[in-house]
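So this one's upload-v4.txt, compact mmCIF, N, CA and C atoms:
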```txt
# COMPACT_ATOMS: atom_id res chain seq x y z
N MET U 1 0.82 -1.18 0.00
CA MET U 1 0.00 0.00 0.00
C MET U 1 0.86 1.24 0.00
N ASN U 2 0.23 2.16 -0.50
CA ASN U 2 0.85 3.46 -0.60
C ASN U 2 0.92 4.08 0.79
N THR U 3 1.94 4.81 1.12
CA THR U 3 2.09 5.36 2.47
C THR U 3 1.01 6.35 2.81
N VAL U 4 0.54 7.07 1.81
CA VAL U 4 -0.53 8.04 2.09
C VAL U 4 -1.79 7.26 2.39
N HIS U 5 -2.07 6.23 1.60
CA HIS U 5 -3.28 5.46 1.82
C HIS U 5 -3.19 4.68 3.12
N GLN U 6 -2.01 4.19 3.40
CA GLN U 6 -1.82 3.44 4.62
C GLN U 6 -2.08 4.34 5.83
N TYR U 7 -1.62 5.55 5.77
CA TYR U 7 -1.84 6.50 6.87
C TYR U 7 -3.32 6.78 7.01
N ALA U 8 -4.02 6.98 5.89
CA ALA U 8 -5.44 7.26 5.93
C ALA U 8 -6.19 6.06 6.49
N TYR U 9 -5.78 4.86 6.09
CA TYR U 9 -6.42 3.65 6.57
C TYR U 9 -6.20 3.49 8.07
N GLU U 10 -4.99 3.74 8.52
CA GLU U 10 -4.67 3.59 9.93
C GLU U 10 -5.40 4.61 10.78
N THR U 11 -5.54 5.79 10.25
CA THR U 11 -6.21 6.83 11.04
C THR U 11 -7.70 6.65 11.04
N GLU U 12 -8.26 6.03 9.96
CA GLU U 12 -9.70 5.91 9.90
C GLU U 12 -10.20 4.57 10.40
N TYR U 13 -9.57 3.49 10.02
CA TYR U 13 -10.09 2.17 10.31
C TYR U 13 -9.35 1.40 11.39
N ALA U 14 -8.22 1.84 11.72
CA ALA U 14 -7.45 1.11 12.72
C ALA U 14 -8.08 1.31 14.08
N PRO U 15 -7.97 0.31 14.93
CA PRO U 15 -8.55 0.48 16.27
C PRO U 15 -7.82 1.60 17.01
N ARG U 16 -8.61 2.38 17.61
CA ARG U 16 -8.03 3.56 18.28
C ARG U 16 -7.63 3.23 19.71
N GLN U 17 -6.58 3.82 20.03
CA GLN U 17 -6.13 3.67 21.40
C GLN U 17 -6.76 4.80 22.21
N GLN U 18 -7.20 4.45 23.35
CA GLN U 18 -7.76 5.51 24.20
C GLN U 18 -6.64 6.39 24.71
N GLU U 19 -6.92 7.65 24.60
CA GLU U 19 -5.91 8.59 25.07
C GLU U 19 -5.96 8.61 26.59
N GLN U 20 -4.84 8.53 27.14
CA GLN U 20 -4.77 8.58 28.59
C GLN U 20 -4.44 10.01 29.00
N THR U 21 -5.22 10.52 29.88
CA THR U 21 -4.94 11.86 30.39
C THR U 21 -4.22 11.70 31.71
N TYR U 22 -3.22 12.49 31.84
CA TYR U 22 -2.42 12.43 33.04
C TYR U 22 -2.99 13.44 34.03
N THR U 23 -3.33 12.97 35.16
CA THR U 23 -3.83 13.83 36.23
C THR U 23 -2.78 13.83 37.31
N ALA U 24 -2.33 15.05 37.62
CA ALA U 24 -1.31 15.16 38.66
C ALA U 24 -1.95 14.84 40.00
N PRO U 25 -1.25 14.17 40.82
CA PRO U 25 -1.81 13.85 42.14
C PRO U 25 -2.02 15.15 42.93
N ALA U 26 -3.03 15.17 43.72
CA ALA U 26 -3.33 16.35 44.54
C ALA U 26 -2.15 16.61 45.46
N PRO U 27 -1.77 17.87 45.55
CA PRO U 27 -0.62 18.16 46.41
C PRO U 27 -0.96 17.86 47.86
N GLN U 28 -0.05 17.29 48.50
CA GLN U 28 -0.23 16.96 49.90
C GLN U 28 0.19 18.19 50.73
N THR U 29 -0.74 18.74 51.50
CA THR U 29 -0.41 19.88 52.33
C THR U 29 -0.14 19.39 53.73
N SER U 30 0.98 19.82 54.21
CA SER U 30 1.34 19.40 55.56
C SER U 30 0.72 20.36 56.57
N ALA U 31 0.65 19.94 57.77
CA ALA U 31 0.09 20.78 58.84
C ALA U 31 0.94 22.02 59.03
N ARG U 32 2.21 21.88 58.83
CA ARG U 32 3.10 23.04 58.98
C ARG U 32 2.80 24.09 57.92
N ALA U 33 2.55 23.69 56.68
CA ALA U 33 2.23 24.64 55.61
C ALA U 33 0.92 25.35 55.89
N VAL U 34 -0.04 24.62 56.44
CA VAL U 34 -1.33 25.23 56.78
C VAL U 34 -1.14 26.27 57.88
N VAL U 35 -0.37 25.94 58.88
CA VAL U 35 -0.12 26.87 59.99
C VAL U 35 0.59 28.12 59.47
N ILE U 36 1.57 27.93 58.61
CA ILE U 36 2.30 29.08 58.05
C ILE U 36 1.35 29.95 57.24
N SER U 37 0.47 29.35 56.46
CA SER U 37 -0.49 30.12 55.66
C SER U 37 -1.44 30.91 56.55
N VAL U 38 -1.92 30.27 57.60
CA VAL U 38 -2.85 30.95 58.52
C VAL U 38 -2.14 32.10 59.23
N VAL U 39 -0.93 31.87 59.69
CA VAL U 39 -0.18 32.93 60.38
C VAL U 39 0.09 34.09 59.43
N ALA U 40 0.45 33.79 58.19
CA ALA U 40 0.72 34.85 57.21
C ALA U 40 -0.56 35.66 56.94
N ALA U 41 -1.69 34.97 56.81
CA ALA U 41 -2.96 35.66 56.58
C ALA U 41 -3.31 36.55 57.77
N MET U 42 -3.08 36.04 58.98
CA MET U 42 -3.37 36.83 60.18
C MET U 42 -2.46 38.06 60.24
N LEU U 43 -1.19 37.91 59.90
CA LEU U 43 -0.27 39.05 59.90
C LEU U 43 -0.71 40.11 58.90
N VAL U 44 -1.12 39.68 57.72
CA VAL U 44 -1.61 40.64 56.71
C VAL U 44 -2.85 41.34 57.23
N PHE U 45 -3.77 40.59 57.82
CA PHE U 45 -4.99 41.17 58.36
C PHE U 45 -4.70 42.18 59.47
N LEU U 46 -3.84 41.79 60.40
CA LEU U 46 -3.51 42.69 61.51
C LEU U 46 -2.76 43.93 61.02
N THR U 47 -1.93 43.76 60.00
CA THR U 47 -1.24 44.92 59.43
C THR U 47 -2.23 45.89 58.82
N LEU U 48 -3.22 45.37 58.11
CA LEU U 48 -4.25 46.23 57.52
C LEU U 48 -5.06 46.94 58.59
N ILE U 49 -5.42 46.22 59.65
CA ILE U 49 -6.15 46.84 60.76
C ILE U 49 -5.30 47.94 61.40
N GLY U 50 -4.01 47.67 61.58
CA GLY U 50 -3.11 48.68 62.14
C GLY U 50 -3.02 49.92 61.27
N LEU U 51 -2.94 49.73 59.97
CA LEU U 51 -2.88 50.86 59.05
C LEU U 51 -4.17 51.69 59.10
N ILE U 52 -5.29 51.00 59.19
CA ILE U 52 -6.57 51.72 59.29
C ILE U 52 -6.60 52.52 60.59
N TYR U 53 -6.15 51.94 61.69
CA TYR U 53 -6.14 52.65 62.97
C TYR U 53 -5.22 53.87 62.92
N VAL U 54 -4.06 53.71 62.32
CA VAL U 54 -3.11 54.83 62.22
C VAL U 54 -3.73 55.94 61.37
N LYS U 55 -4.37 55.58 60.28
CA LYS U 55 -5.01 56.59 59.43
C LYS U 55 -6.11 57.31 60.20
N TYR U 56 -6.91 56.57 60.97
CA TYR U 56 -7.95 57.17 61.79
C TYR U 56 -7.34 58.12 62.82
N SER U 57 -6.28 57.69 63.47
CA SER U 57 -5.62 58.53 64.49
C SER U 57 -5.09 59.82 63.87
N VAL U 58 -4.48 59.71 62.71
CA VAL U 58 -3.95 60.89 62.03
C VAL U 58 -5.09 61.84 61.67
N ALA U 59 -6.20 61.29 61.18
CA ALA U 59 -7.35 62.14 60.83
C ALA U 59 -7.92 62.83 62.06
N ALA U 60 -8.01 62.11 63.18
CA ALA U 60 -8.53 62.71 64.41
C ALA U 60 -7.61 63.82 64.91
N MET U 61 -6.30 63.59 64.85
CA MET U 61 -5.35 64.61 65.28
C MET U 61 -5.39 65.82 64.35
N GLN U 62 -5.58 65.59 63.06
CA GLN U 62 -5.67 66.69 62.11
C GLN U 62 -6.91 67.54 62.41
N MET U 63 -8.01 66.89 62.79
CA MET U 63 -9.21 67.64 63.16
C MET U 63 -8.95 68.48 64.39
N GLN U 64 -8.24 67.94 65.37
CA GLN U 64 -7.91 68.71 66.58
C GLN U 64 -7.00 69.88 66.23
N ILE U 65 -6.04 69.66 65.35
CA ILE U 65 -5.13 70.73 64.93
C ILE U 65 -5.92 71.83 64.24
N ASN U 66 -6.83 71.45 63.35
CA ASN U 66 -7.65 72.45 62.65
C ASN U 66 -8.50 73.24 63.63
N HIS U 67 -9.07 72.55 64.63
CA HIS U 67 -9.88 73.24 65.64
C HIS U 67 -9.03 74.22 66.44
N LEU U 68 -7.84 73.79 66.84
CA LEU U 68 -6.95 74.67 67.61
C LEU U 68 -6.48 75.86 66.78
N GLN U 69 -6.19 75.63 65.51
CA GLN U 69 -5.78 76.74 64.65
C GLN U 69 -6.91 77.75 64.49
N SER U 70 -8.12 77.25 64.35
CA SER U 70 -9.27 78.14 64.24
C SER U 70 -9.44 78.94 65.53
N SER U 71 -9.26 78.28 66.67
CA SER U 71 -9.37 78.96 67.96
C SER U 71 -8.28 80.02 68.10
N ILE U 72 -7.07 79.71 67.65
CA ILE U 72 -5.97 80.67 67.71
C ILE U 72 -6.29 81.89 66.85
N GLU U 73 -6.82 81.65 65.66
CA GLU U 73 -7.17 82.77 64.78
C GLU U 73 -8.25 83.64 65.41
N ASP U 74 -9.25 83.01 66.06
CA ASP U 74 -10.29 83.78 66.74
C ASP U 74 -9.70 84.62 67.86
N LYS U 75 -8.80 84.04 68.63
CA LYS U 75 -8.18 84.78 69.74
C LYS U 75 -7.30 85.92 69.22
N GLU U 76 -6.61 85.69 68.12
CA GLU U 76 -5.79 86.76 67.55
C GLU U 76 -6.67 87.92 67.06
N GLN U 77 -7.82 87.61 66.46
CA GLN U 77 -8.73 88.66 66.02
C GLN U 77 -9.29 89.41 67.22
N GLN U 78 -9.64 88.67 68.27
CA GLN U 78 -10.16 89.31 69.48
C GLN U 78 -9.08 90.20 70.10
N ALA U 79 -7.84 89.74 70.15
CA ALA U 79 -6.75 90.55 70.71
C ALA U 79 -6.54 91.81 69.87
N SER U 80 -6.66 91.68 68.56
CA SER U 80 -6.51 92.84 67.68
C SER U 80 -7.60 93.87 67.94
N ARG U 81 -8.84 93.39 68.09
CA ARG U 81 -9.95 94.31 68.39
C ARG U 81 -9.74 95.00 69.74
N LEU U 82 -9.32 94.23 70.76
CA LEU U 82 -9.10 94.82 72.08
C LEU U 82 -7.94 95.82 72.06
N GLN U 83 -6.90 95.51 71.30
CA GLN U 83 -5.77 96.44 71.18
C GLN U 83 -6.23 97.75 70.54
N ALA U 84 -7.11 97.66 69.55
CA ALA U 84 -7.64 98.86 68.91
C ALA U 84 -8.47 99.68 69.90
N ARG U 85 -9.25 98.99 70.73
CA ARG U 85 -10.05 99.70 71.75
C ARG U 85 -9.14 100.37 72.78
N ILE U 86 -8.04 99.70 73.14
CA ILE U 86 -7.09 100.29 74.10
C ILE U 86 -6.50 101.56 73.53
N HIS U 87 -6.08 101.51 72.26
CA HIS U 87 -5.51 102.71 71.64
C HIS U 87 -6.54 103.83 71.57
N GLU U 88 -7.79 103.45 71.33
CA GLU U 88 -8.84 104.47 71.28
C GLU U 88 -9.06 105.09 72.66
N MET U 89 -9.00 104.26 73.71
CA MET U 89 -9.22 104.76 75.06
C MET U 89 -8.04 105.59 75.55
N GLU U 90 -6.85 105.33 75.03
CA GLU U 90 -5.69 106.10 75.44
C GLU U 90 -5.64 107.47 74.79
N ASN U 91 -6.43 107.68 73.79
CA ASN U 91 -6.46 108.95 73.07
C ASN U 91 -6.99 110.05 74.01
N VAL U 92 -6.22 111.10 74.21
CA VAL U 92 -6.57 112.17 75.15
C VAL U 92 -7.87 112.87 74.74
N ALA U 93 -8.06 113.07 73.45
CA ALA U 93 -9.28 113.75 72.99
C ALA U 93 -10.52 112.93 73.35
N VAL U 94 -10.44 111.62 73.22
CA VAL U 94 -11.58 110.77 73.56
C VAL U 94 -11.83 110.82 75.06
N ILE U 95 -10.78 110.80 75.85
CA ILE U 95 -10.94 110.88 77.31
C ILE U 95 -11.57 112.21 77.70
N ARG U 96 -11.12 113.28 77.09
CA ARG U 96 -11.67 114.61 77.39
C ARG U 96 -13.16 114.67 77.04
N GLU U 97 -13.54 114.11 75.88
CA GLU U 97 -14.95 114.11 75.46
C GLU U 97 -15.81 113.31 76.44
N LYS U 98 -15.32 112.17 76.88
CA LYS U 98 -16.07 111.34 77.82
C LYS U 98 -16.20 112.04 79.17
N ALA U 99 -15.14 112.71 79.61
CA ALA U 99 -15.18 113.44 80.89
C ALA U 99 -16.18 114.58 80.81
N GLU U 100 -16.18 115.33 79.72
CA GLU U 100 -17.14 116.43 79.56
C GLU U 100 -18.56 115.90 79.51
N ALA U 101 -18.78 114.74 78.86
CA ALA U 101 -20.11 114.15 78.79
C ALA U 101 -20.59 113.75 80.19
N LEU U 102 -19.67 113.41 81.08
CA LEU U 102 -20.02 113.05 82.46
C LEU U 102 -20.08 114.27 83.38
N GLY U 103 -19.84 115.44 82.84
CA GLY U 103 -19.89 116.66 83.65
C GLY U 103 -18.60 116.91 84.41
N MET U 104 -17.55 116.32 83.99
CA MET U 104 -16.27 116.51 84.66
C MET U 104 -15.52 117.66 84.00
N GLY U 105 -14.68 118.33 84.79
CA GLY U 105 -13.87 119.41 84.26
C GLY U 105 -12.74 119.72 85.22
N TYR U 106 -11.98 120.75 84.89
CA TYR U 106 -10.90 121.15 85.79
C TYR U 106 -11.51 121.81 87.03
N PRO U 107 -10.91 121.63 88.21
CA PRO U 107 -11.48 122.21 89.43
C PRO U 107 -11.35 123.75 89.44
N ASP U 108 -12.35 124.38 90.05
CA ASP U 108 -12.31 125.83 90.23
C ASP U 108 -11.41 126.13 91.43
N ALA U 109 -11.14 127.42 91.64
CA ALA U 109 -10.28 127.84 92.74
C ALA U 109 -10.88 127.47 94.09
N GLU U 110 -12.20 127.47 94.19
CA GLU U 110 -12.83 127.14 95.47
C GLU U 110 -12.76 125.64 95.77
N HIS U 111 -12.49 124.82 94.78
CA HIS U 111 -12.39 123.38 94.99
C HIS U 111 -10.96 122.91 95.24
N VAL U 112 -10.02 123.81 95.20
CA VAL U 112 -8.63 123.46 95.41
C VAL U 112 -8.34 123.56 96.90
N LEU U 113 -7.75 122.56 97.47
CA LEU U 113 -7.41 122.51 98.88
C LEU U 113 -5.90 122.53 98.99
N ARG U 114 -5.37 123.51 99.66
CA ARG U 114 -3.93 123.62 99.83
C ARG U 114 -3.59 123.13 101.24
N VAL U 115 -2.59 122.32 101.32
CA VAL U 115 -2.20 121.71 102.59
C VAL U 115 -0.76 122.09 102.88
N ASP U 116 -0.54 122.54 104.10
CA ASP U 116 0.82 122.87 104.53
C ASP U 116 1.37 121.66 105.28
N LEU U 117 2.32 121.00 104.71
CA LEU U 117 2.88 119.79 105.31
C LEU U 117 4.11 120.07 106.16
N SER U 118 4.42 121.34 106.37
CA SER U 118 5.58 121.66 107.19
C SER U 118 5.27 121.43 108.68
N GLN U 119 4.01 121.45 109.07
CA GLN U 119 3.63 121.19 110.46
C GLN U 119 3.02 119.80 110.55
N PRO U 120 3.33 119.06 111.61
CA PRO U 120 2.77 117.72 111.75
C PRO U 120 1.27 117.77 111.99
N VAL U 121 0.57 116.82 111.40
CA VAL U 121 -0.89 116.72 111.57
C VAL U 121 -1.16 115.36 112.17
N SER U 122 -2.02 115.32 113.19
CA SER U 122 -2.25 114.04 113.87
C SER U 122 -3.41 113.25 113.26
N SER U 123 -4.36 113.92 112.61
CA SER U 123 -5.49 113.18 112.04
C SER U 123 -5.95 113.85 110.76
N SER U 124 -6.68 113.10 109.98
CA SER U 124 -7.19 113.66 108.71
C SER U 124 -8.27 114.69 108.99
N HIS U 125 -8.92 114.61 110.17
CA HIS U 125 -9.95 115.57 110.52
C HIS U 125 -9.34 116.95 110.70
N GLU U 126 -8.20 117.04 111.37
CA GLU U 126 -7.50 118.30 111.55
C GLU U 126 -7.05 118.85 110.21
N LEU U 127 -6.65 117.95 109.30
CA LEU U 127 -6.20 118.37 107.97
C LEU U 127 -7.33 119.05 107.23
N LEU U 128 -8.54 118.51 107.31
CA LEU U 128 -9.68 119.09 106.62
C LEU U 128 -10.08 120.42 107.27
N GLU U 129 -9.99 120.55 108.60
CA GLU U 129 -10.33 121.80 109.25
C GLU U 129 -9.30 122.89 108.91
N ALA U 130 -8.07 122.51 108.72
CA ALA U 130 -7.02 123.48 108.39
C ALA U 130 -7.24 124.03 106.98
N GLY U 131 -7.86 123.24 106.12
CA GLY U 131 -8.10 123.68 104.76
C GLY U 131 -9.20 124.70 104.65
N ASP U 132 -10.10 124.78 105.60
CA ASP U 132 -11.23 125.73 105.54
C ASP U 132 -10.82 127.08 105.86
```
Just give me the structure of the file as structure tokens.
Amino acid sequence: MNTVHQYAYETEYAPRQQEQTYTAPAPQTSARAVVISVVAAMLVFLTLIGLIYVKYSVAAMQMQINHLQSSIEDKEQQASRLQARIHEMENVAVIREKAEALGMGYPDAEHVLRVDLSQPVSSSHELLEAGD
């Protein structure tokens, strides 16, 4: 027979051999490998929990910092306003206007009391009588 025909005959009419599929045996896992896997998974889990906690702590501290900075800015504004009021109150013209509004003024000659301190005085009552 011709080789081409022989090949066709063998492939079509010859009894077929069953193909054997090779199945790898299931890997045997030892108790030690299981323990190592569980420990590694726990370490990864705990690391993630730790990172979440650190991120939360940083966020909480940042909120406190923002609150304190806001409080500092409020206090600085309040100090600035109070400083402006102090400068306004130190102004002589403003003091004079407020004194005049209250009926205050320079004393007249009759309101001036002259005291002679060259002589000893035993009581404030004698001092007032000496002024009259």
All helix (DSSP H, G or I) residues (DSSP, backbone) inside region 38-132 of chain U, as a PyMOL selection string = chain U and resi 38-90+92-101+109-111+124-131
What gap, in Å, lies between atom N of His111 (chain U) and CA of Ile95 (chain U)?
->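 About the pair atom N of His111 (chain U) and CA of Ile95 (chain U): they are 22.4 Å apart.
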Any idea what the distance is between atom C of Tyr53 (chain U) and atom C of Val39 (chain U)?
->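 Answer for the atom C of Tyr53 (chain U) to atom C of Val39 (chain U) separation: 20.8 Å.
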